[in-house]
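Colleague: Structure provided below as structure tokens; questions to follow.
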Amino acid sequence: MSHTDGRRVVGTDRHLVTLVGLIVVLASVTTVYAFLFFLRDIPSSVRDVATLITLPFMIAVSVIVKTPVRIRSTTLAIAWVETAIVIGVAVAPWPWVILSTGVGVAAASAVLRLPAIKTAFGVGKNILIAAGAATMVALLNWHWSSSSVGDLIGALGAIYLVAAILDDVLAMPVIALASGTRISRQFRSDLDLRIAGFAVRFVVAVCTLLILRADPRLLLAVPPLVLSLHLAYSTRIRTRTEQQAWQRLARTTDALNVVDLDQVLTTAVTQAAELFSADEVEIELREGGRTVRGTTVGIRHYGDRAEPSTVGGTVIPAALEGHDRAVDLGVLRLRFAGPVELSEREQYTLRTFASALCTAVRNAQAYAELARIAEEHAHDATHDTLTGLANRRQLLDEGTQQLTNRHADGVTALVLIDLNHFKEVNDTLGHSAGDRVLMQVADRLRGATRTGDLVARLGGDEFAVLLRGLPAPAVAAHRAEALLAALHEPLHLDGMRISVEASGGIAVAPATGGMTELLRRADVAMYQAKRAGQRISTYAPARDTADLGRLTLNGELPRAVADHEFTVNFQPIVDLGSGEVTGAEALARWHHPTHGIIDPLRFLEAVERSGLLPAFAEAILDQALIAAGSWRAAGFDLPVSVNVSPRSLLDARFPGAVLARLRAHDLPPDRLVLELTETLTLSQLDVVDRVLSRLRDSGVRLALDDFGTGYSSLSLLSRIPVHELKIDRSFVTAMETSAEAAAVIRSTLDLGRSLDLAVVAEGVESEPQRRALWELGCAAGQGHLFARPLPAGSLLAALQRGAGGRPGTLAAALHDAGAVIRLPGRRQAGRGRTAGAPPTAGQTADEPRLR
């Protein structure tokens, strides 16, 4: 049975010493008792003397011949001692067996040079096993030489069972304490192998007694049999141990497949301690000097610097350098409390684990860098670079979210503030002085607001303050007066005092129309204040005739959908290098019989709120697919891009409707690109994930519109793997004069290359913008430089006509065909694109889009 035969000094463990001491005391009492009986029955014949000599020799050999198994720095050994003891109590008086057991185990321990505490435990444990077996013989009143074969097997089985149970009961608590393992877990560990071992050794004991009873000379056949069984059992144990080790390695490397570096390191430490039976595991990363140390129980240290380890003994290091050894990330250290030497299999396992850990660390670091870039991108997209205030996008997003909960949070109002005569400051003192004025204005507005209010710079000298949770609408006027009063005191600029005058407009959140309508009303009120020469004005519906026209149009929506008054124009997407058209985006228009062409900004929100969205979306999609089919029949196989309203993504029937229209027009799914806007809805609702996943799995391509200007860009990319990113027109417009805008474009292109996504720039208005984007590595763009939105037939005619006699193009190429061009960071093919496939269609920067 198993017993400790390790290299770790366990005498320092108080509980372990106490347990071993108790076993030794009981064994000592048993030995004295046996010795008194031995004096009454001293061997008198040659046979008795030979038996008395053979017994300790047989027990000593059974102790020495064993199978070692290492747990941490303690080695466990599976030996044949209980077999020798059971045979001994069957053929010799019990006092002889007990004394022979003590002598034999002590002699074997001396040969093996075991520590004193291990020798004492081994002697004491086996003396108690011998006493238990002898007691069972006495209770059964059994004589092996005169019993039948059946009685011999039954009695010997009962005796062997007592010996085996005593062996486990005495050994397992000591092993658990010595190896730092729970006693219950130690009992369950390899229980099937222990039972099989007991069975094999019991058979050997039965065969040995039967051979002795038949002819003692046949006893010569027993050692080869025992040796063969021992080798077979040892091989099985080693095979089982290695199989479990490989399974644990597979589970451990799978557990490292996470993107959070802290979780990778924590998992690696705890799993490695289990995998290699180490007393402690330490990981030291060179980058940042981070050190993590722990055991199977958990992490002991996590930080930049670590105190020296309390585990003394053997330290086995493994470099974190990966398969290619091109990067040295740090080192993994296994610590053992005593001398340990890893086997060849364990060394290979350690190298494999270190390589997997290196890969996991590199992946987590890459993901963290990607998240950092995306976070910077998202911040730049929602904040004004000069003042640090929120920009228009963030104002609209937070305002929309606020209006959703306004019934619970009180009244919401918006104050729009415009600086009067600010152009004179720029013209007189220069733009640098003007920028400093804007920054001081921003600071004063921040200081005049209350917790929960949002201050934003909308552009130029125009600011907005979103007032939330007001107890009554009238309070908005008092708060607006306080804001403008904060700007009344002169500003200090290079020793000069500059007075700033401002006009303000106040609007309380309307019942309908959302944030866009609230902003429009505040703008109307601000210009009313300017026209009237007042400092501040509150929005009055009676003075805003636009609302009456909008109400009239909203009432005509059902008729417009039924009479097919909504039409679609298309703006082409162009390869920036060659000028070739690679796609087109559908843009909705309302051809009103009285008012003419109506812009989408005036009716799309009403369509979404009216319940007509499914019919409207199907009508636009039908026209877009019909156009794509006509272009394809004419030899121009272009994908068509259609913007998707976030409300459509909340409808589980939407994917089926889209796929049905594709089948009806006999178009492959990859000829349709659905453009998504970054919104809180997209990033948080599971139903949206399911809708988009079904569309993508069906072959429909997905594009993320206005990338970086909405909510969780990186989060959305990780949940719904899109094929394309679209750079918002505001960055393209500002790239020539703003280093920050150029940096945002560059980071978006880097992100696209990292994730293998196509990138399309919106709002390309000039050749310098086109060339600058192309040199940055942007392959596709759209804007008025190439074409304004056209009817499907007009776009087809333009394609057939081409530019410079090249059908399918709308601009001259930036380089001659076949020329070798060296550019920094050219983009790769987008995710999911086949070789030679054009980039997908984008969306115009110059026209309102279908939402």
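Naming works like this for the structure tokens: A, B, ... for the chains as they're shown, residue 1 at the start of each chain, ligands 1 onward in shown order.
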Mind checking DSSP for region 366-541 of chain A and telling me the strand (DSSP E) residues as number ranges by chain?
Modeller: A: 411-420, 454-459, 462-470, 491-493, 496-498, 501-508, 536-538
Colleague: Counting only C-alpha atoms, which of A:Asp599, A:Thr359, A:Met172, A:Asp380 gets nearest to Asp254 (chain A)?
Modeller: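 With only C-alpha atoms as the atom set, the closest residue is A:Thr359.
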Colleague: Using only C-alpha atoms, which residues sit within 12 Å of Asp697 (chain A) once same-chain residues fewer than 2 positions away are excluded, as a ChimeraX atom specification?
Modeller: /A:655,659,669-670,689-695,699-702,720-722,832
Colleague: Taking the DSSP assignment computed from this structure's backbone, write out as a count of residues only all residues of region 503-699 of chain A that belong to alpha helix (DSSP H).
Modeller: 91
Colleague: At most 9 Å is the cut-off: for each residue in region 79-145 of chain A with any atom that close to an atom of region 21-31 of chain A, write down the nearest atom pair and the distance in Å rounded to one decimal, counting only C-alpha atoms, chain first then increasing number, as JSON lines.
Modeller:
{"residue": "A:Pro95", "atom": "CA", "partner": "A:Thr31", "partner_atom": "CA", "distance": 8.3}
{"residue": "A:Ile98", "atom": "CA", "partner": "A:Thr31", "partner_atom": "CA", "distance": 6.8}
{"residue": "A:Leu99", "atom": "CA", "partner": "A:Thr31", "partner_atom": "CA", "distance": 6.6}
{"residue": "A:Gly102", "atom": "CA", "partner": "A:Thr31", "partner_atom": "CA", "distance": 8.2}
{"residue": "A:Ile117", "atom": "CA", "partner": "A:Gly21", "partner_atom": "CA", "distance": 9.0}
{"residue": "A:Ala120", "atom": "CA", "partner": "A:Val24", "partner_atom": "CA", "distance": 6.6}
{"residue": "A:Phe121", "atom": "CA", "partner": "A:Val24", "partner_atom": "CA", "distance": 6.6}
{"residue": "A:Val123", "atom": "CA", "partner": "A:Val24", "partner_atom": "CA", "distance": 7.8}
{"residue": "A:Gly124", "atom": "CA", "partner": "A:Val24", "partner_atom": "CA", "distance": 4.8}
{"residue": "A:Lys125", "atom": "CA", "partner": "A:Ile23", "partner_atom": "CA", "distance": 6.5}
{"residue": "A:Asn126", "atom": "CA", "partner": "A:Ala27", "partner_atom": "CA", "distance": 8.5}
{"residue": "A:Ile127", "atom": "CA", "partner": "A:Ala27", "partner_atom": "CA", "distance": 5.8}
{"residue": "A:Leu128", "atom": "CA", "partner": "A:Ala27", "partner_atom": "CA", "distance": 5.8}
{"residue": "A:Ala131", "atom": "CA", "partner": "A:Thr30", "partner_atom": "CA", "distance": 7.4}
Colleague: Print the selection's residues with C-alpha atoms to a file, as a compact mmCIF listing (two decimals), in the first residue's frame.
Modeller:
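Okay, selection32.txt is ready:
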# COMPACT_ATOMS: atom_id res chain seq x y z
CA PRO A 95 4.29 -12.43 18.09
CA ILE A 98 4.84 -8.40 14.77
CA LEU A 99 8.49 -8.46 15.84
CA GLY A 102 9.31 -4.09 13.09
CA ILE A 117 10.32 10.44 11.39
CA ALA A 120 9.32 5.69 12.87
CA PHE A 121 6.06 6.09 10.96
CA VAL A 123 7.70 0.83 11.52
CA GLY A 124 4.76 1.89 13.67
CA LYS A 125 2.16 1.73 10.90
CA ASN A 126 3.15 -1.75 9.73
CA ILE A 127 3.35 -3.14 13.29
CA LEU A 128 -0.26 -1.99 13.81
CA ALA A 131 -1.45 -6.66 14.92
Colleague: To one decimal place, how far is CA of Glu740 (chain A) from CA of Ser766 (chain A) in Å?
Modeller: 19.6 Å
Colleague: In Å, rounded to a single decimal, give me how far CA of Ser100 (chain A) is from CA of Phe57 (chain A).
Modeller: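 So the answer is 8.3 Å.
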Colleague: Report as an mmCIF file with N, CA and C atoms, in the first residue's frame all protein, DNA and RNA residues lying within 7 Å of Val581 (chain A), evaluated on only C-alpha atoms, omitting residues in the same chain fewer than 2 positions from it.
Modeller:
data_model
loop_
_atom_site.group_PDB
_atom_site.id
_atom_site.type_symbol
_atom_site.label_atom_id
_atom_site.label_comp_id
_atom_site.auth_asym_id
_atom_site.auth_seq_id
_atom_site.Cartn_x
_atom_site.Cartn_y
_atom_site.Cartn_z
ATOM 1 N N PRO A 572 -22.203 56.348 -54.898
ATOM 2 C CA PRO A 572 -21.214 55.287 -55.136
ATOM 3 C C PRO A 572 -20.102 55.286 -54.094
ATOM 4 N N ILE A 573 -19.539 54.102 -53.873
ATOM 5 C CA ILE A 573 -18.338 53.911 -53.061
ATOM 6 C C ILE A 573 -17.202 53.619 -54.040
ATOM 7 N N VAL A 574 -16.085 54.303 -53.870
ATOM 8 C CA VAL A 574 -15.033 54.283 -54.886
ATOM 9 C C VAL A 574 -13.727 53.803 -54.269
ATOM 10 N N ASP A 575 -12.999 52.986 -55.029
ATOM 11 C CA ASP A 575 -11.631 52.629 -54.657
ATOM 12 C C ASP A 575 -10.778 53.890 -54.781
ATOM 13 N N GLY A 579 -10.028 54.668 -58.566
ATOM 14 C CA GLY A 579 -11.217 55.386 -58.985
ATOM 15 C C GLY A 579 -12.354 54.469 -59.378
ATOM 16 N N GLY A 583 -19.160 49.828 -54.934
ATOM 17 C CA GLY A 583 -20.424 49.626 -54.252
ATOM 18 C C GLY A 583 -21.233 50.919 -54.274
ATOM 19 N N GLY A 808 -16.968 51.863 -65.363
ATOM 20 C CA GLY A 808 -16.913 51.391 -63.985
ATOM 21 C C GLY A 808 -16.130 52.283 -63.056
ATOM 22 N N THR A 809 -15.581 53.387 -63.569
ATOM 23 C CA THR A 809 -14.818 54.299 -62.722
ATOM 24 C C THR A 809 -15.484 55.668 -62.706
ATOM 25 N N LEU A 810 -15.232 56.415 -61.632
ATOM 26 C CA LEU A 810 -15.762 57.771 -61.519
ATOM 27 C C LEU A 810 -14.660 58.792 -61.255
#
Colleague: Excluding same-chain residues fewer than 6 positions from region 443-446 of chain A, what lies within 12 Å of it counting only C-alpha atoms, as a PyMOL selection string?
Modeller: chain A and resi 386-390+415-417+436-437+452-457+463-466+479-491+500
Colleague: Find the residues around Leu612 (chain A) up to 12 Å (only C-alpha atoms counted), leave out those fewer than 6 positions away in its own chain, and share them as a PDB file with C-alpha atoms, in the first residue's frame.
Modeller:
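And here's part_12.pdb as it stands now:
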ATOM      1  CA  ASN A 554     -46.549  63.106 -40.020  1.00  0.00           C
ATOM      2  CA  GLU A 556     -49.440  62.017 -44.431  1.00  0.00           C
ATOM      3  CA  LEU A 557     -47.007  59.156 -43.736  1.00  0.00           C
ATOM      4  CA  PRO A 558     -49.507  56.273 -44.161  1.00  0.00           C
ATOM      5  CA  ARG A 559     -50.586  57.612 -47.541  1.00  0.00           C
ATOM      6  CA  ALA A 560     -46.967  58.153 -48.620  1.00  0.00           C
ATOM      7  CA  VAL A 561     -46.057  54.531 -47.822  1.00  0.00           C
ATOM      8  CA  ALA A 562     -49.157  53.202 -49.570  1.00  0.00           C
ATOM      9  CA  PHE A 603     -39.632  62.228 -41.572  1.00  0.00           C
ATOM     10  CA  LEU A 604     -37.464  59.269 -40.459  1.00  0.00           C
ATOM     11  CA  GLU A 605     -38.076  59.698 -36.739  1.00  0.00           C
ATOM     12  CA  ALA A 606     -41.796  59.974 -37.392  1.00  0.00           C
ATOM     13  CA  GLU A 618     -39.153  46.777 -47.023  1.00  0.00           C
ATOM     14  CA  ALA A 619     -39.936  49.411 -49.664  1.00  0.00           C
ATOM     15  CA  ARG A 647     -35.716  49.578 -34.046  1.00  0.00           C
ATOM     16  CA  SER A 648     -35.628  47.063 -36.911  1.00  0.00           C
TER      17      SER A 648
END
Colleague: Can you work out which one of A:Leu261, A:Phe422, A:Glu517, A:Thr51 has the shortest atom-to-atom distance to Glu369 (chain A), counting only C-alpha atoms?
Modeller: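 For Glu369 (chain A), the nearest of the candidates is A:Leu261.
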Colleague: Neighbours of Ala584 (chain A) within 12 Å (only C-alpha atoms; same-chain residues fewer than 4 positions away dropped), as a ChimeraX atom specification?
Modeller: /A:568-575,580,624-625,627-628,631,636-643,671-675,760,780-783,786-792,795-796,799,838-844
Colleague: Using only C-alpha atoms, which residue out of A:Ala509, A:Lys423, A:Ala164, A:Met496 lies closest to Gly469 (chain A)?
Modeller: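 Among the listed residues, A:Ala509 lies closest to Gly469 (chain A).
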Colleague: Go ahead and compute the interatomic distance for CA of Leu676 (chain A) and CA of Leu704 (chain A), in Å to one decimal.
Modeller: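 Atom-to-atom, CA of Leu676 (chain A) to CA of Leu704 (chain A), that is 5.0 Å.
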